[in-house]
Amino acid sequence: MSDDEQSKEPQDEAPEAPAESPDATPADSPAEEAPAAKDDAPAEEATEAPKADAPAEEAAADAAPAKEPPAEPNPEDDLPWKERRRLERSRRPHEAGPQRGPEERTAERRDARKAKASLRRSQRAAARGAKDESRVGTPPAERAANPAKVRQGVVVSDRGEKTITVRIDIVRRHPTYEKVVRNTRTLHAHDERNEASAGDVVRVVETRPLSKTKRWRLVEVLEKAK
């Protein structure tokens, strides 16, 4: 080995660190304490992390809605709507007003009714105006007046003034037994000119009530009594 190589070897080797003296203070070794402080920080955070999560869990538990017991049925739901309205009105706060006489109360009620009537009229007019005018409903059916009833009978009495009693003979066959059934009825008819007499065959027509018992009027005398 040459002298140059021997002189280079001691230079390549790094100098050894001085040994620590037992009397060394923390200020003398700042490099060694710094990593230890860094290593202790994550450990402290790890221990404190669960403490930070605990209040969050409590807040979440408080924020979660608690299960409420099922609501009991309200007995007022079974009451009629007028009774419920009366109860609601009785529960409204009300301040006593000045004393009023009967005339003032009557006038106040009259004014309230007029206001409600005007409101109803305006609402109905608005509803009628909102309808489509192009829609035409079914036209009313044409109704012909029922023809007046006409009967033919025999005068049995003409003692009343402008009144005759007419007997109507009814002959019909029974629908079940097919027996001819005869029946009679009498009615009072109005004779304006006293033309008919007892025994005449006359024709009468139904008319408006002329008295308590007269609902018929003489039309013509068909056959005079012999």
# chains A, B, ... in the order shown; residues from 1 in each chain; ligands from 1
$ select_by_dssp --residues "segment 52-202 of chain A" --states "strand (DSSP E or B)" --output "MDAnalysis selection string"
chainID A and resid 150:157 163:173 180:190 201:202
$ residues_around --residues "Arg172 of chain A" --least-positions-apart "5" --cutoff "7 Å" --atoms "only C-alpha atoms" --output "JSON list (two decimals) with all heavy atoms, in the first residue's frame"
[["chain", "number", "residue", "atom", "x", "y", "z"],
["A", 180, "VAL", "N", -169.79, -6.57, -14.71],
["A", 180, "VAL", "CA", -170.14, -5.19, -14.98],
["A", 180, "VAL", "C", -170.54, -4.53, -13.66],
["A", 180, "VAL", "O", -171.49, -4.96, -13.00],
["A", 180, "VAL", "CB", -171.28, -5.10, -16.00],
["A", 180, "VAL", "CG1", -171.69, -3.65, -16.20],
["A", 180, "VAL", "CG2", -170.85, -5.72, -17.32],
["A", 181, "VAL", "N", -169.81, -3.49, -13.32],
["A", 181, "VAL", "CA", -170.04, -2.78, -12.07],
["A", 181, "VAL", "C", -170.62, -1.41, -12.40],
["A", 181, "VAL", "O", -170.04, -0.66, -13.21],
["A", 181, "VAL", "CB", -168.73, -2.63, -11.27],
["A", 181, "VAL", "CG1", -169.00, -1.89, -9.97],
["A", 181, "VAL", "CG2", -168.12, -3.99, -11.00],
["A", 182, "ARG", "N", -171.75, -1.10, -11.79],
["A", 182, "ARG", "CA", -172.40, 0.19, -12.00],
["A", 182, "ARG", "C", -172.23, 1.04, -10.75],
["A", 182, "ARG", "O", -172.45, 0.55, -9.64],
["A", 182, "ARG", "CB", -173.88, 0.02, -12.33],
["A", 182, "ARG", "CG", -174.12, -0.78, -13.60],
["A", 182, "ARG", "CD", -175.62, -0.94, -13.89],
["A", 182, "ARG", "NE", -175.83, -1.79, -15.06],
["A", 182, "ARG", "CZ", -175.85, -1.36, -16.30],
["A", 182, "ARG", "NH1", -175.67, -0.07, -16.55],
["A", 182, "ARG", "NH2", -176.04, -2.20, -17.31]]
$ atom_distance --atom1 "atom CA of Asp169 of chain A" --atom2 "atom CA of Thr184 of chain A"
4.6 Å
$ closest_residue --among "A:Ala189, A:Ala126, A:Ala144, A:Val156" --to "Pro209 of chain A" --atoms "only C-alpha atoms"
A:Ala189
$ closest_residue --among "A:Pro175, A:Gly153, A:Pro75, A:Pro70" --to "Leu222 of chain A" --atoms "only C-alpha atoms"
A:Gly153
